[in-house]
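Asker: Here it is, the structure in full.
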Amino acid sequence: MQIKGLIFNIQKYSIHDGPGIRTLVFVKGCPLRCLWCCNPEGQTPQPEIMYYRNLCVSCGMCTKVCPRGASVFRDNSVVYNRELCTSCGACVRVCPTGARKLVGKYVTVDEVLSEVLKDMKFYVRSGGGLTVGGGEPLTQHEFVKELLRRAKEYAIHTAVETSLYAGPHIVKEVLRHTDYLFVDIKHVDPTKHLELTGVSNELILSNIRYVLSESLVDVSSFVIRIPIIPSVNDDYGSLRGIAEFIRSLKHEVSVELLPYHELGKHKYEALGREYALSNPIWKVFIPSKEYLESISKFLTSLGVKLVST
Amino acid sequence: MASYSLSKLVNEFYKNVMMFKPSLCHERAMILTESYRTSEGLPQIIRRAKAIREVLEGMSVYILKGELIVGNQASRPKAAPLFPEFSISFLVNELNEIPRRPFDSFDVGVEVKNVIDKISTYWFGKTHEDRVTYLISLVLPDEALRSFNINSFVLNDVIYAGVRKASGDGHIIPNYQTLLRLGFPGILKNVEDEISKLDLTDTQSFKKALFLEAVRIVYEGVLSFIKRYYVLAREMADGDVDDDWRDELLRIAEVCSNLLIGPPKTFREALQLIWFAHLILQIESNGHSVSLGRSDQYLYPYYEADVREGRITKEEALELIKCFLIKMNTLNKVRPWSETRYKSGYPLFMTITLGGQTPDGQDATNELTYLFLDALAEVKLPQPTIVLRVHSKTPEKLLVHAVKVLIRHGGGLPAFFSDEVIIPALMNMGITVYEAREYAIAGCSEAVIPGKSLSFTGGVCYFNLLKLLEITLNDGCNPRNDLCLFNTTREIDELRSVDELIEEFKNQLAFYTKFIVPLTSITSATDADLNPTPFASSLMDHRIELGLDISEGGGPNNKYSHTIIQGHGIANVANSLYVIEELVFREKLLTLKEFREILLSNWGGVRGKELRKLALNIPKYGNDVDDVDRYAKIISKLFYDEVMKYRPLRGAVFGLSLQGLTANVPEGEATGATPDGRLSGEALADNVSPHPGTDRNGVTAILKSVSKVDHSLFINGNILNIRFHPSVLTDGFGGIDEGKVLRFVKMLETFLIDLKGFQVQFNIVSAEVLREAQKEPLKHANLVVKVAGYSAYFTSLDRKLQDQIILRTEHLL
């Protein structure tokens, strides 16, 4: 039997995730819980229901089909109890307004690959290919490794977007079939990193050194991304720390800034979760062009090679 | 070279033009009718020539402050002249409504009302429309005639033949290379030479003499017309004007006087000559889609020589081109309401083709290619349509430039066409590769050889293919009128597979296709009898030597000509067949007959709603799913095979197209609920685009699906509309993102070169902006969008069409 993976989207014409025109496969499940995560539906390692209350007309179709009583009528409106839900998707199939969406689907490598191969001509023209992101691809390393290996059989260019939060042997296995690598550095201070993402960064930073020292990918195909989350991780001290770490690497690595945005904010509500950065204590805001330029200037002055991919 | 800023004058001209609203002008109708009254009894082509001459000699001429290129179609910018010889009844019947139309309205002044009052009795019973209507009633069998809507010219909701009910032929690209080489005096001399060479022993000589005499008469008018601008410019220069403008007026006079005696010698004279020719074509007849051909090619020698000799700078040339483009927006046409619905937004379908290849297969890009694109980006107007030919040797730099223009223009221009599809398709018609490489786009998407392909509308028919499927599902009957023109061979409950259903569909298609022959022949013949176009004929190859008006067809031109037949709703038909395959034949959830009942109830009841939800969730055309897309391929091929069994009156062939203007709205109104989940009356998918909102798999998937149709069968073109959010090409702060532009270019190349798609066009505008424009139309009066093969002001469109454009899936990232 083929290995199955749990994915939550396949996006064609991806143009932010490596060279050329790419197909981006979103793997579901992530050990990190970054406060600003714009794909929260990619965090849990199982299928789940997104419920867009604004689209719901309380027609009650879901209450009739739910086998667990997770969707019930109360005071003429539908109440959804996530605790009882097994994400079987029965409500999604009958919902007439699209207020319910099932995220996460178990698929074989062949199934994903056949979708990826459909855009082969676009990859060839543009120098593009396949990118695996997520979620965290390394949480499903067997599946991801096999997908990448098979893609390489078709000479498809492969890229991975990862936190590198995994054991070095796993990193090494996956990178055997990876041409291009994106790794985030969200903070250099382990405590702060734990606070912002739920995990410490020691493993991540040591994996970055490991990938470079072992040349697991070519340094020209290695990009470090720094999410710029204003007032959260972008004070000059933090940025200086990141810059110093990057400069301590024995290679000149390309660095890209990922400016904070709130395009994923609405998803939290649909998942029945709080968007932590909504709390005013964080004082987060969407950075302006000038704001980003001043950060770029600062990092450049510290010897960081900034690029835009 | 001018010492002052031309751009200042051109800006002033732009503002002057923008002050005008569309209106009707009485002058042409008045002068033409007077002329016809005095020419009773003369041969028709002579009457027509005299009338056109008198219009050119008698209509108002004006020069607006700031225009560098002169010549007007009617008494004001954006005023539509009237063509009573084509139809008087719609003018009489709709005159009070025309200013009050919800879209495509025109101001109607008191002179217009007076003139129509005075001339209507003269024209009653004599027009193109009267003749065509009479002939149709003679030819169509009774039961077909019962289903024929005499107002809109629609046969049983399936075939729309109203395009040419009140309109001339249009749809040509003159041989502007020849015109530039000879000038009007040179062409006139050719005519006179042919007259002197007439062969007394040829039985057709008298006919040839008539035609040549008609051309000669029209050319008297043409030369007088130009002379009137010469005189006017001189007069104005003598008046109280500022010095810069006086200099320009004197140059205008000089340009006109040079064109009166010979061919153009400079870029400016060349542009002015092309404008006069294009303009007079719009005065001679009201056929739309008169196109400009490969302007960057035929104008280049003049530009290059002027630059080399220091007569012009690049900046000045740009201003002249801008002026030329603005002039296009001063032209207008009024159509009967029934036809307006099929093409809202005041389109004239005037197209300029850029780029492409030289006859020997090399890249044809030159400096003017870039200058025309820059001018387009600067003027940001809906007319003309500017298209770029793309082939495997098109420089990446040009495509990057064109995509940036697309962003700057914002209204869907330029559109992109594939040489890799179109050239082989033309060769398939028997045209040599050298000639095929000279093709240009006429109207929306029709590939023609400039100077050679004749006006091929000759009665254009549009097929509503989805309606035909509805009729097939109803055993051959139209549920809207209960007329059954052709019964299916089997009741639908006897059908055991989609293939068998397609077989019945094919029988219906075969039955209806036969009607295109009389419907197109009648219109074509009526053109030749009543409204020949000697001026247009003089600009086409071979016609002067043949002594034959283009409305007669025939001669060496036939090899290049094709009469347009369009098929609409291909996406909906494909989707419907696949839904039937899934629900009826695979899952066996219901019988075909039960399905029909649900559709007749417009998805009524609980079961109807549930089934509709299922139908909507089944994958659709536009998502790169072979199982669905194969039906688009099968049905489009069937359509081609059926139509190709017949030949049009003028010889040559029928030329197919799957583009559909704005017909998807009225055709949707005439079509009940369909298996794809569409509600009764809902608009069809436009052109070859996916049905709005059903393309959920990204832009590459759309391009893949569309490319599965064999586009080389559709010489009159297939149009694909895609709407992108501006963020697809810009950075987070609205600036152009070079990396994104380059990927966009690669996407275009893949579709046009590798996947062999015919055409693609983009609106780069968010739904948010479009919704705002609906709410506050005045604030967004200048918002241009690509509709079908043309662009238009968004707020000038049919509200239903606006909604449909908003519904087009917005591709984000």
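Residues in the structure tokens are numbered from 1 in each chain, the chains being A, B, ... in the order shown, and ligands are numbered from 1 in the order shown.
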Please report, as JSON lines, each residue of chain A lying at most 7 Å from chain B, together with the nearest pair of atoms and the separation in Å rounded to one decimal; use only C-alpha atoms, and order rows by chain and ascending residue number.
Answerer:
{"residue": "A:Lys12", "atom": "CA", "partner": "B:Gly698", "partner_atom": "CA", "distance": 5.4}
{"residue": "A:Tyr13", "atom": "CA", "partner": "B:Thr700", "partner_atom": "CA", "distance": 6.2}
{"residue": "A:Ser14", "atom": "CA", "partner": "B:Leu813", "partner_atom": "CA", "distance": 6.7}
{"residue": "A:Ile15", "atom": "CA", "partner": "B:Lys740", "partner_atom": "CA", "distance": 6.9}
{"residue": "A:Gly20", "atom": "CA", "partner": "B:Arg743", "partner_atom": "CA", "distance": 6.0}
{"residue": "A:Ile21", "atom": "CA", "partner": "B:Arg743", "partner_atom": "CA", "distance": 6.2}
{"residue": "A:Pro96", "atom": "CA", "partner": "B:Lys613", "partner_atom": "CA", "distance": 6.5}
{"residue": "A:Asp119", "atom": "CA", "partner": "B:Thr700", "partner_atom": "CA", "distance": 6.9}
{"residue": "A:Lys121", "atom": "CA", "partner": "B:Thr750", "partner_atom": "CA", "distance": 6.5}
{"residue": "A:Phe122", "atom": "CA", "partner": "B:Thr750", "partner_atom": "CA", "distance": 5.8}
{"residue": "A:Arg125", "atom": "CA", "partner": "B:Lys746", "partner_atom": "CA", "distance": 6.0}
{"residue": "A:Ser126", "atom": "CA", "partner": "B:Lys746", "partner_atom": "CA", "distance": 5.4}
{"residue": "A:Lys289", "atom": "CA", "partner": "B:Phe733", "partner_atom": "CA", "distance": 6.7}
Asker: Quick one: pick out all strand (DSSP E or B) residues within stretch 315-482 of chain B from a backbone DSSP run and write them as a ChimeraX atom specification.
Answerer: /B:351-355,357,363,385-390,415-418,440-442,446-448,461-464,477-478
Asker: Could you list, as number ranges by chain, every residue within 8 Å of stretch 405-417 of chain B, counting only C-alpha atoms and ignoring same-chain residues fewer than 5 positions away?
Answerer: B: 373-374, 376-382, 385-390, 726, 729, 752, 758-765, 783-786, 791-792
Asker: DSSP says alpha helix (DSSP H) for which residues of stretch 28-192 of chain B? Put them as a ChimeraX atom specification?
Answerer: /B:28-38,44-58,89-94,110-123,128-139,142-146,176-192
Asker: Quick one, how far is atom CA of A:His157 from atom CA of A:Cys30?
Answerer: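 Separating atom CA of A:His157 from atom CA of A:Cys30 is a distance of 24.1 Å.
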Asker: Skipping near chain neighbours, those fewer than 3 positions away, what residues fall within 7 Å of stretch 186-189 of chain B using only C-alpha atoms, listed as a compact mmCIF listing (two decimals) with all heavy atoms, in the first residue's frame?
Answerer:
# COMPACT_ATOMS: atom_id res chain seq x y z
N LEU B 182 -0.01 54.35 -52.50
CA LEU B 182 -0.63 55.07 -53.62
C LEU B 182 -1.31 56.38 -53.21
O LEU B 182 -1.43 57.29 -54.02
CB LEU B 182 -1.68 54.17 -54.30
CG LEU B 182 -1.18 52.86 -54.90
CD1 LEU B 182 -2.35 52.04 -55.41
CD2 LEU B 182 -0.19 53.13 -56.03
N GLY B 183 -1.79 56.44 -51.99
CA GLY B 183 -2.63 57.57 -51.59
C GLY B 183 -3.97 57.48 -52.31
O GLY B 183 -4.15 56.64 -53.21
N GLU B 192 -9.34 54.89 -62.88
CA GLU B 192 -9.49 55.50 -64.20
C GLU B 192 -8.79 54.66 -65.27
O GLU B 192 -9.31 54.49 -66.38
CB GLU B 192 -8.98 56.94 -64.16
CG GLU B 192 -10.00 57.86 -63.47
CD GLU B 192 -9.41 59.18 -62.97
OE1 GLU B 192 -8.17 59.35 -63.02
OE2 GLU B 192 -10.21 60.02 -62.51
N ASP B 193 -7.63 54.12 -64.93
CA ASP B 193 -6.92 53.24 -65.88
C ASP B 193 -7.77 52.04 -66.24
O ASP B 193 -7.85 51.65 -67.40
CB ASP B 193 -5.60 52.74 -65.26
CG ASP B 193 -4.55 53.83 -65.23
OD1 ASP B 193 -4.79 54.90 -65.84
OD2 ASP B 193 -3.51 53.62 -64.57
N ARG B 216 -15.26 55.90 -58.53
CA ARG B 216 -14.81 57.23 -58.96
C ARG B 216 -15.66 58.33 -58.31
O ARG B 216 -15.14 59.32 -57.80
CB ARG B 216 -14.89 57.33 -60.49
CG ARG B 216 -14.01 58.41 -61.10
CD ARG B 216 -14.35 58.65 -62.56
NE ARG B 216 -15.74 59.02 -62.78
CZ ARG B 216 -16.30 60.19 -62.46
NH1 ARG B 216 -15.55 61.13 -61.90
NH2 ARG B 216 -17.58 60.42 -62.67
N TYR B 219 -14.84 58.69 -54.69
CA TYR B 219 -13.54 59.34 -54.49
C TYR B 219 -13.61 60.85 -54.70
O TYR B 219 -12.85 61.59 -54.10
CB TYR B 219 -12.46 58.69 -55.38
CG TYR B 219 -11.76 57.57 -54.64
CD1 TYR B 219 -12.48 56.46 -54.20
CD2 TYR B 219 -10.41 57.63 -54.32
CE1 TYR B 219 -11.88 55.45 -53.50
CE2 TYR B 219 -9.78 56.61 -53.61
CZ TYR B 219 -10.53 55.53 -53.20
OH TYR B 219 -9.91 54.53 -52.50
N GLY B 262 -1.09 63.30 -53.52
CA GLY B 262 -0.27 62.10 -53.68
C GLY B 262 -0.25 61.26 -52.42
O GLY B 262 -1.04 61.49 -51.50
Asker: Skipping near chain neighbours, those fewer than 3 positions away, what residues fall within 10 Å of stretch 109-113 of chain A using only C-alpha atoms, listed as number ranges by chain?
Answerer: A: 2-5, 7, 10, 25, 106, 116-118, 130, 143-148, 150-151, 154
Asker: Grab the residues selected above and save them as an mmCIF file, in the first residue's frame with N, CA, C and O atoms.
Answerer:
data_model
loop_
_atom_site.group_PDB
_atom_site.id
_atom_site.type_symbol
_atom_site.label_atom_id
_atom_site.label_comp_id
_atom_site.auth_asym_id
_atom_site.auth_seq_id
_atom_site.Cartn_x
_atom_site.Cartn_y
_atom_site.Cartn_z
ATOM 1 N N GLN A 2 0.384 2.244 -0.754
ATOM 2 C CA GLN A 2 1.130 3.507 -0.802
ATOM 3 C C GLN A 2 0.968 4.287 0.490
ATOM 4 O O GLN A 2 -0.068 4.230 1.144
ATOM 5 N N ILE A 3 1.981 5.054 0.807
ATOM 6 C CA ILE A 3 1.897 5.927 1.978
ATOM 7 C C ILE A 3 0.864 7.003 1.697
ATOM 8 O O ILE A 3 0.812 7.554 0.601
ATOM 9 N N LYS A 4 0.059 7.292 2.680
ATOM 10 C CA LYS A 4 -0.880 8.403 2.523
ATOM 11 C C LYS A 4 -0.424 9.591 3.340
ATOM 12 O O LYS A 4 0.191 9.438 4.396
ATOM 13 N N GLY A 5 -0.728 10.736 2.830
ATOM 14 C CA GLY A 5 -0.406 11.955 3.568
ATOM 15 C C GLY A 5 -1.675 12.732 3.817
ATOM 16 O O GLY A 5 -2.685 12.538 3.139
ATOM 17 N N ILE A 7 -3.163 16.330 3.574
ATOM 18 C CA ILE A 7 -2.884 17.664 3.042
ATOM 19 C C ILE A 7 -4.148 18.506 3.144
ATOM 20 O O ILE A 7 -5.248 17.980 3.289
ATOM 21 N N ILE A 10 -3.974 22.080 -2.516
ATOM 22 C CA ILE A 10 -2.969 22.086 -3.576
ATOM 23 C C ILE A 10 -3.213 23.360 -4.356
ATOM 24 O O ILE A 10 -4.306 23.571 -4.885
ATOM 25 N N VAL A 25 1.941 22.298 -2.394
ATOM 26 C CA VAL A 25 1.175 21.291 -1.654
ATOM 27 C C VAL A 25 1.261 21.627 -0.171
ATOM 28 O O VAL A 25 2.359 21.760 0.378
ATOM 29 N N TYR A 106 -6.843 12.807 3.244
ATOM 30 C CA TYR A 106 -5.781 11.808 3.119
ATOM 31 C C TYR A 106 -5.616 11.446 1.652
ATOM 32 O O TYR A 106 -6.583 11.095 0.984
ATOM 33 N N VAL A 116 0.130 17.460 -9.619
ATOM 34 C CA VAL A 116 1.334 18.283 -9.819
ATOM 35 C C VAL A 116 1.796 18.213 -11.278
ATOM 36 O O VAL A 116 2.188 19.212 -11.873
ATOM 37 N N LEU A 117 1.709 17.026 -11.860
ATOM 38 C CA LEU A 117 2.196 16.840 -13.232
ATOM 39 C C LEU A 117 1.366 17.608 -14.261
ATOM 40 O O LEU A 117 1.845 17.900 -15.355
ATOM 41 N N LYS A 118 0.142 17.936 -13.884
ATOM 42 C CA LYS A 118 -0.722 18.628 -14.847
ATOM 43 C C LYS A 118 -0.139 19.966 -15.310
ATOM 44 O O LYS A 118 -0.437 20.431 -16.389
ATOM 45 N N LEU A 130 7.546 22.040 -8.029
ATOM 46 C CA LEU A 130 6.726 21.679 -6.874
ATOM 47 C C LEU A 130 7.313 22.275 -5.594
ATOM 48 O O LEU A 130 8.521 22.204 -5.379
ATOM 49 N N PHE A 143 5.934 10.589 3.767
ATOM 50 C CA PHE A 143 5.077 10.955 2.642
ATOM 51 C C PHE A 143 5.748 12.039 1.782
ATOM 52 O O PHE A 143 5.823 11.939 0.555
ATOM 53 N N VAL A 144 6.277 13.053 2.455
ATOM 54 C CA VAL A 144 6.882 14.172 1.734
ATOM 55 C C VAL A 144 8.120 13.715 0.972
ATOM 56 O O VAL A 144 8.327 14.072 -0.183
ATOM 57 N N LYS A 145 8.919 12.902 1.628
ATOM 58 C CA LYS A 145 10.132 12.411 0.981
ATOM 59 C C LYS A 145 9.780 11.633 -0.285
ATOM 60 O O LYS A 145 10.378 11.820 -1.344
ATOM 61 N N GLU A 146 8.767 10.798 -0.179
ATOM 62 C CA GLU A 146 8.355 9.989 -1.330
ATOM 63 C C GLU A 146 7.808 10.877 -2.452
ATOM 64 O O GLU A 146 8.106 10.671 -3.628
ATOM 65 N N LEU A 147 7.024 11.875 -2.068
ATOM 66 C CA LEU A 147 6.478 12.800 -3.074
ATOM 67 C C LEU A 147 7.608 13.523 -3.808
ATOM 68 O O LEU A 147 7.615 13.618 -5.044
ATOM 69 N N LEU A 148 8.587 13.990 -3.040
ATOM 70 C CA LEU A 148 9.702 14.712 -3.658
ATOM 71 C C LEU A 148 10.526 13.784 -4.547
ATOM 72 O O LEU A 148 10.929 14.158 -5.650
ATOM 73 N N ARG A 150 9.562 11.116 -6.092
ATOM 74 C CA ARG A 150 8.826 10.804 -7.328
ATOM 75 C C ARG A 150 8.838 12.003 -8.277
ATOM 76 O O ARG A 150 8.940 11.851 -9.484
ATOM 77 N N ALA A 151 8.716 13.197 -7.713
ATOM 78 C CA ALA A 151 8.744 14.396 -8.555
ATOM 79 C C ALA A 151 10.086 14.505 -9.274
ATOM 80 O O ALA A 151 10.147 14.843 -10.451
ATOM 81 N N TYR A 154 10.528 12.829 -12.480
ATOM 82 C CA TYR A 154 10.027 13.560 -13.658
ATOM 83 C C TYR A 154 10.833 14.826 -13.920
ATOM 84 O O TYR A 154 10.413 15.692 -14.674
#
Asker: Would you mind telling me which residue in A:Val219, A:Val171, A:Val103, A:Cys91 lies nearest to A:Glu41 when using only C-alpha atoms?
Answerer: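 Closest to A:Glu41 of all the choices is A:Val103.
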Asker: I need the residue nearest B:Pro534 from this list: B:Val191, B:Lys779, B:Ser167, B:Gly162. Use only C-alpha atoms for the distance.
Answerer: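 That would be B:Val191, the residue with the smallest distance to B:Pro534.
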Asker: Report the distance between atom CA of A:Val217 and atom CA of A:Leu299 in Å, rounded to one decimal place.
Answerer: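 Separating atom CA of A:Val217 from atom CA of A:Leu299 is a distance of 24.3 Å.
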Asker: As an exercise, work out the distance from atom CA of B:Asn286 to atom CA of B:Pro532 in Å and give it to one decimal place.
Answerer: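 Spanning atom CA of B:Asn286 to atom CA of B:Pro532 is a straight-line distance of 12.0 Å.
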Asker: Using only C-alpha atoms, which residues sit within 9 Å of A:His261 once same-chain residues fewer than 3 positions away are excluded, as a list of chain:residue names?
Answerer: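 Those residues are A:Trp36, A:Cys38, A:Ile229, A:Leu258, A:Gly264, A:Lys265, A:Phe285, A:Ile286, A:Pro287.
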Asker: Restricting the calculation to only C-alpha atoms, which member of B:Thr513, B:Thr488, B:Ser205, B:Ser7 is positioned closest to B:Lys645?
Answerer: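 Using only C-alpha atoms, B:Lys645 sits closest to B:Thr513.
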Asker: Which residues, written as a count of residues only, have at least one atom at most 12 Å from B:Asn11, with only C-alpha atoms counted and residues fewer than 3 positions away on the same chain left out?
Answerer: 21
